[in-house]
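The block underneath contains the structure these notes are about, expressed in C-alpha cells.
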Amino acid sequence: MKITKAISIPNWNDEARDTAIAYWQSRGIVFTDVSEDRLTGKRGSPWGNMTSFDMSKLVAILMIDHVKDGEVICVLDVDTSFQAITEWNAAYWGLEMDTFESVLLHGDAREQEWREFQKNSRAAAWRWTLSFTLLGHKRGRL
C-alpha cells in the first residue's frame, strides 16, 4: 500500500531535511540514503508483518524527494503481507503523513490528534477482535 503526500515547502534546505530525518526517525525509520534532494529509509521486519497489530512494525520503505523548488514528494510504501488492513490501519499512515507536513511547515507534531486517534483506534481494534472481524474495521462512530 502506497501513501503519497506532496508538500509545498518554500525552503527545502539543510534545516528542513534535518527536521524530516528527525521526524521519521522518531517514527522508527532508519535512513539508508541521505542526499541533498532525496531521503530513503525503511522500518519494520517480516516478523512484524506476521505478528504485530502495530502498523509501525510492518515493513515499509520511505522515499522523500525534493522535486523542485517549493515541492517535496513523500512516499511511504507499506508491505501489508499477512495483515488484514482496516480503515483505521490505513488512517494511521495517513496521519503520519499529515503530521510530517505539519512538523515541516509549522513545527507541530499534532500530539492531541495522535492521542485521540490512538484512543479511538484501540477501541475499534477491540471491537474488531471481539466481533471476530465483523465490527470496528471502518472509521467513524464507535
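A note on labels: chains of the C-alpha cells are A, B, ... as shown, every chain counts residues from 1, and ligands are counted from 1 in their shown order.
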
Need the shell around Val30 in chain A: protein/DNA/RNA residues with any atom at most 7 Å away, counting only C-alpha atoms. Skip same-chain ones fewer than 6 positions apart. Format as JSON, numbers by chain?
{"A": [41, 42, 43]}

Which of chain A fall in strand (DSSP E), as a ChimeraX atom specification:
/A:2-8,30-34,38-43,60-68,71-78

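Interatomic distance, CA of Leu104 in chain A to CA of Asn49 in chain A: 29.1 Å.
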
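When the distance limit is 7 Å and only C-alpha atoms are what count, the residues near range 64-66 of chain A, minus those fewer than 6 positions from it on the same chain, are Asp37, Arg38, Leu39, Thr40, Val72, Ile73, Cys74 and Val75 of chain A.
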
Output the selection as a short mmCIF file (atom, residue, chain, number, x, y, z; two decimals), in the first residue's frame - C-alpha atoms for each residue.
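Result file is selection-v6.cif:
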```cif
data_model
loop_
_atom_site.label_atom_id
_atom_site.label_comp_id
_atom_site.auth_asym_id
_atom_site.auth_seq_id
_atom_site.Cartn_x
_atom_site.Cartn_y
_atom_site.Cartn_z
CA ASP A 37 17.39 16.05 -2.75
CA ARG A 38 16.50 12.50 -1.65
CA LEU A 39 15.99 10.66 1.62
CA THR A 40 15.38 6.92 1.65
CA VAL A 72 8.63 17.70 -1.71
CA ILE A 73 7.07 14.34 -2.54
CA CYS A 74 6.92 11.79 0.27
CA VAL A 75 6.02 8.15 -0.45
#
```

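You can rank A:Ser81, A:Asn89, A:Gln112, A:Ser131 by their closest distance to Asp54 in chain A using only C-alpha atoms, and at the top of that list sits A:Asn89.
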
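Proximity to Ser35 in chain A was assessed for A:Arg122, A:Lys57, A:Arg17, A:Lys5 counting only C-alpha atoms; the smallest distance is recorded for A:Arg17.
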
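Compared by their closest atoms to Thr32 in chain A, and using only C-alpha atoms, the residues A:Glu101, A:Tyr92, A:Phe132, A:Ile61 rank with A:Ile61 nearest.
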
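Comparing the minimum interatomic distances between Val103 in chain A and each of A:Trp88, A:Lys2, A:Ile7, A:Tyr23, counting only C-alpha atoms, we find that A:Tyr23 sits nearest.
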
Need to verify the contact set: Val59 in chain A, 7 Å, only C-alpha atoms, exclusion of same-chain residues closer than 4 positions in sequence. Can you return it as a PyMOL selection string?
chain A and resi 43-46+49+78-79

Kindly export the residues of the current selection with N, CA and C atoms, as a short mmCIF file (atom, residue, chain, number, x, y, z; two decimals), in the first residue's frame.
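The file below, result.cif, is the result:
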```
data_model
loop_
_atom_site.label_atom_id
_atom_site.label_comp_id
_atom_site.auth_asym_id
_atom_site.auth_seq_id
_atom_site.Cartn_x
_atom_site.Cartn_y
_atom_site.Cartn_z
N ARG A 43 11.66 0.68 7.72
CA ARG A 43 11.38 0.25 9.08
C ARG A 43 10.64 -1.08 9.00
N GLY A 44 10.52 -1.71 10.16
CA GLY A 44 9.76 -2.95 10.24
C GLY A 44 10.56 -4.17 9.86
N SER A 45 9.89 -5.31 9.95
CA SER A 45 10.51 -6.58 9.60
C SER A 45 9.43 -7.56 9.17
N PRO A 46 9.82 -8.60 8.44
CA PRO A 46 8.82 -9.61 8.07
C PRO A 46 8.14 -10.21 9.31
N ASN A 49 5.34 -8.06 10.28
CA ASN A 49 4.18 -8.27 9.42
C ASN A 49 3.37 -9.49 9.86
N VAL A 78 4.13 0.59 2.15
CA VAL A 78 3.99 -0.37 3.24
C VAL A 78 3.65 -1.74 2.68
N ASP A 79 4.41 -2.73 3.11
CA ASP A 79 4.14 -4.13 2.75
C ASP A 79 3.07 -4.64 3.72
#
```

Would you mind listing what lies within 10 Å of Glu96 in chain A as a PDB file with N, CA and C atoms, in the first residue's frame, with only C-alpha atoms counted and same-chain residues fewer than 4 positions away left out?
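Everything below was put into around-v9.pdb:
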```pdb
ATOM      1  N   ILE A   3       1.287   5.280   0.265  1.00  0.00           N
ATOM      2  CA  ILE A   3       0.706   6.513   0.744  1.00  0.00           C
ATOM      3  C   ILE A   3       1.621   7.627   0.249  1.00  0.00           C
ATOM      4  N   TYR A  23      11.947  13.646  12.368  1.00  0.00           N
ATOM      5  CA  TYR A  23      10.556  13.196  12.484  1.00  0.00           C
ATOM      6  C   TYR A  23      10.437  11.714  12.155  1.00  0.00           C
ATOM      7  N   TRP A  24      10.956  11.319  11.012  1.00  0.00           N
ATOM      8  CA  TRP A  24      10.784   9.929  10.583  1.00  0.00           C
ATOM      9  C   TRP A  24      11.594   8.958  11.442  1.00  0.00           C
ATOM     10  N   ARG A  27       9.624   7.946  14.200  1.00  0.00           N
ATOM     11  CA  ARG A  27       8.571   7.019  13.789  1.00  0.00           C
ATOM     12  C   ARG A  27       9.156   5.646  13.438  1.00  0.00           C
ATOM     13  N   SER A  56       3.256   0.491  12.763  1.00  0.00           N
ATOM     14  CA  SER A  56       4.635   0.981  12.615  1.00  0.00           C
ATOM     15  C   SER A  56       5.641  -0.165  12.604  1.00  0.00           C
ATOM     16  N   LEU A  76       5.380   6.598   1.272  1.00  0.00           N
ATOM     17  CA  LEU A  76       5.559   5.520   2.233  1.00  0.00           C
ATOM     18  C   LEU A  76       4.935   4.284   1.607  1.00  0.00           C
ATOM     19  N   ALA A  91      -5.560   4.743   8.046  1.00  0.00           N
ATOM     20  CA  ALA A  91      -5.606   6.106   8.591  1.00  0.00           C
ATOM     21  C   ALA A  91      -4.353   6.416   9.413  1.00  0.00           C
ATOM     22  N   TYR A  92      -3.766   5.397  10.029  1.00  0.00           N
ATOM     23  CA  TYR A  92      -2.522   5.580  10.794  1.00  0.00           C
ATOM     24  C   TYR A  92      -1.443   6.172   9.886  1.00  0.00           C
ATOM     25  N   PHE A 100       3.773  14.732   9.356  1.00  0.00           N
ATOM     26  CA  PHE A 100       5.044  15.103   8.733  1.00  0.00           C
ATOM     27  C   PHE A 100       4.939  16.487   8.099  1.00  0.00           C
ATOM     28  N   GLU A 101       3.876  16.725   7.351  1.00  0.00           N
ATOM     29  CA  GLU A 101       3.672  18.034   6.745  1.00  0.00           C
ATOM     30  C   GLU A 101       3.574  19.123   7.816  1.00  0.00           C
ATOM     31  N   SER A 102       2.821  18.846   8.867  1.00  0.00           N
ATOM     32  CA  SER A 102       2.640  19.813   9.947  1.00  0.00           C
ATOM     33  C   SER A 102       3.955  20.126  10.663  1.00  0.00           C
ATOM     34  N   ALA A 109       3.656  18.680  16.025  1.00  0.00           N
ATOM     35  CA  ALA A 109       3.596  17.218  15.909  1.00  0.00           C
ATOM     36  C   ALA A 109       2.200  16.658  16.173  1.00  0.00           C
ATOM     37  N   ARG A 110       1.216  17.519  16.348  1.00  0.00           N
ATOM     38  CA  ARG A 110      -0.192  17.128  16.470  1.00  0.00           C
ATOM     39  C   ARG A 110      -0.415  16.100  17.583  1.00  0.00           C
ATOM     40  N   TRP A 114      -2.975  12.781  17.808  1.00  0.00           N
ATOM     41  CA  TRP A 114      -2.461  11.414  17.925  1.00  0.00           C
ATOM     42  C   TRP A 114      -3.060  10.701  19.137  1.00  0.00           C
TER      43      TRP A 114
END
```

Among range 9-134 of chain A, which residues does DSSP mark as helix (DSSP H, G or I) when it is run on the backbone? Keep the chain and numbering as in the structure and answer as a ChimeraX atom specification.
/A:14-26,46-51,55-57,87-106,111-130

Within 10 Å of Asp69 in chain A, counting only C-alpha atoms, which residues show up once you throw out same-chain ones fewer than 6 positions away? Write them as number ranges by chain, please.
A: 8-12

Can you write just those residues out, N, CA and C atoms, as a CSV table (one decimal), in the first residue's frame?
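Generated file (result27.csv):
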```
chain,number,residue,atom,x,y,z
A,8,SER,N,4.0,21.4,-0.2
A,8,SER,CA,4.6,22.7,-0.7
A,8,SER,C,5.4,23.3,0.5
A,9,ILE,N,6.7,23.3,0.3
A,9,ILE,CA,7.6,23.9,1.3
A,9,ILE,C,8.4,24.9,0.7
A,10,PRO,N,8.3,26.2,1.1
A,10,PRO,CA,9.0,27.3,0.4
A,10,PRO,C,10.6,27.1,0.4
A,11,ASN,N,11.1,26.5,1.5
A,11,ASN,CA,12.6,26.5,1.5
A,11,ASN,C,13.1,25.1,2.0
A,12,TRP,N,13.4,24.2,1.1
A,12,TRP,CA,13.9,22.9,1.4
A,12,TRP,C,15.4,23.1,1.5
```

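Candidate residues A:Glu113, A:Lys68, A:Ala60, A:Met55 were compared for distance to Ile85 in chain A, and the nearest is A:Met55, using only C-alpha atoms.
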